[in-house]
Amino acid sequence: MAWAAARSFAITALLWATAAAQSTAHSPQAKTREELDAFGLIFEAANPSAEATAAESFLHLFPDSEFSEQAQLAAMHSRYDLGDIPRSRELALAALTTNPKSPDALLHSARLIVAPGFESPSQFAEARRLAEAGISRVKSMKIPPSADSRVWLRTRNSFLAVGTSVLGWLAFHEGKPDLAAGLLQQAVAYDPRGEYFYRLSLLPASNHRDLSSWASRAIQAGPEWITVLARHRLKQLNQNEAR
Amino acid sequence: MLGNCLRPLVIVLAISSGAPASDFTVGVSLLRQGSTFASVRALRRALASGDQAAHLPLAEAYFVLNQHRFFAEEIAQAKTANPSDPEPYYVNGRYLFQTAGNFDAASQEFDQALSRDSKHVKARCYLGIALQNMQRTEDAETHLLKAVDLLKNGNSSFYLPYQTLASLYLQQDRADDASTAIEHAVKMAPNIPLNQFLLGKAKWAQKKAPEAIAALNKAIALDEAFLEAHYLLARVLEAQGDTAGAQLRLAQFKNLREIYGVGRRP
């Protein structure tokens, strides 16, 4: 269930990037049929591990491919879903090097700086810059002519959710819990991912009464590493209440 | 030509008989299901085993994947494999039309398809659309009307000739003709947002506001990103004296423009 939600996000993002590219004069072209086949395996992967393997294998075999950005983004998301934050960070950096304006890479890079368990407070200013740049890029984008409006809106919202959740978490660290709660709830409204529910469960109880409920929803939504963190949080909350 | 006509029947028979599906059959089936990469692999296997008919669906798969060189190679092979078949010319015309916006070259391909089969309704229709894009409206209308005639003899759901004619007639302020044409298209495909939008536009041009409002609401329900439908609906409501309704629609229009940019265009 969790993988289905995460996968649909990653693949939709990939499709969107591809559709957007195709609306310009030059869309990515494979140099050989083998390269195109290898790129296809990323689309056909049945789970995040397979997707990461397919994407990284593609990047290794075809380093000069015009599809590199799409493969980097796919690997970046699947590694994140697997909880491999350092590798996801390397791939995000590579994607940003390939395309510094990629909204997906900008927003994901911001998210990685505040990733649960991997926070880098010294880079919070950079996280804000990346999140704001990503949100701005997403808002400036227009629906590609051939895109389904519902798919496009869902993808747009999932991107906005990433940026909004980062800004929410930064607000929490700046001592603005009300603003943090508002932004994180907005992120959940955009895209109900486990990561945002989990962050809501971490807010001070005085600012949010239903922390256990947020933790439970994070457990349900996943991915697995978020589920593990959320279970721990729920246990903590139950112990606090018992006291 | 005959081989290609029989091909869909062969696929159905192969699937329904429980016989092992050939790579060609599997490839075409995967292509129709949207599993394009898997389709490419199956069709290449079919080619490797000598099935020359696989060149055309393989070209279509590369069309979907927007791979220019591979498409060009396969479509050239498809033409060579079956020189009397109109389909490779039609597919190449569509590719030139949609991918390159090269209407002149596309119209030549549609002409080639029609020289092989004058009853190829899709080639006839797209020739009309290409000519319309080249501002040759009289020629465009002639071909679109021929396409409509071809449709009258069959049981097709191919609504595009009617839709394009309606659009062309609206440009020429021929509201009654536009209305008649688009009503045919809507009857064939009521869930196409552009059909409902053009119906609304035609009805509004005929001063039939309630029908225009109903059709525009349907267009919006089918595709929220159809911003021109929102805008036209606001204008119709305003003209009907429904200022509050018009203002609501305009507010929605502005809000949605923030989300979708210019939105869907007719």
# chains A, B, ... in the order shown; residues from 1 in each chain; ligands from 1

$ interface_residues --of "chain A" --to "chain B" --cutoff "8 Å" --atoms "only C-alpha atoms" --output "PyMOL selection string"
chain A and resi 22+27-30+37+40-41+139-143+145+149+153

$ write_last_selection --atoms "C-alpha atoms" --output "JSON list (two decimals), in the first residue's frame"
[["chain", "number", "residue", "atom", "x", "y", "z"],
["A", 22, "GLN", "CA", 8.14, 16.52, -24.91],
["A", 27, "SER", "CA", 12.64, 15.63, -26.07],
["A", 28, "PRO", "CA", 15.16, 13.10, -24.72],
["A", 29, "GLN", "CA", 16.37, 10.73, -27.44],
["A", 30, "ALA", "CA", 17.93, 7.32, -26.85],
["A", 37, "ASP", "CA", 15.05, -0.78, -23.21],
["A", 40, "GLY", "CA", 11.92, 1.20, -19.86],
["A", 41, "LEU", "CA", 12.95, -1.14, -17.04],
["A", 139, "LYS", "CA", 3.82, 27.49, -9.66],
["A", 140, "SER", "CA", 5.26, 28.92, -12.86],
["A", 141, "MET", "CA", 4.64, 25.69, -14.78],
["A", 142, "LYS", "CA", 1.73, 25.27, -17.16],
["A", 143, "ILE", "CA", -0.21, 22.13, -17.86],
["A", 145, "PRO", "CA", -1.01, 20.09, -23.77],
["A", 149, "SER", "CA", -5.63, 17.62, -15.80],
["A", 153, "LEU", "CA", -2.96, 18.56, -10.56]]

$ residues_around --residues "Ser29 (chain B)" --least-positions-apart "4" --cutoff "10 Å" --atoms "only C-alpha atoms" --output "ChimeraX atom specification"
/B:11,15,23-25,33-36,39,42

$ residues_around --residues "Gly93 (chain B)" --least-positions-apart "6" --cutoff "6 Å" --atoms "only C-alpha atoms" --output "list of chain:residue names"
B:Ala106, B:Glu109, B:Phe110

$ write_last_selection --atoms "C-alpha atoms" --output "PDB file, in the first residue's frame"
ATOM      1  CA  ALA B 106       2.057  15.669 -43.203  1.00  0.00           C
ATOM      2  CA  GLU B 109       1.807  11.652 -46.411  1.00  0.00           C
ATOM      3  CA  PHE B 110      -1.984  11.718 -46.020  1.00  0.00           C
TER       4      PHE B 110
END

$ residues_around --residues "Phe103 (chain B)" --least-positions-apart "5" --cutoff "8 Å" --atoms "only C-alpha atoms" --output "list of chain:residue names"
B:Leu96, B:Phe97, B:Ala130, B:Leu131, B:Asn133, B:Met134
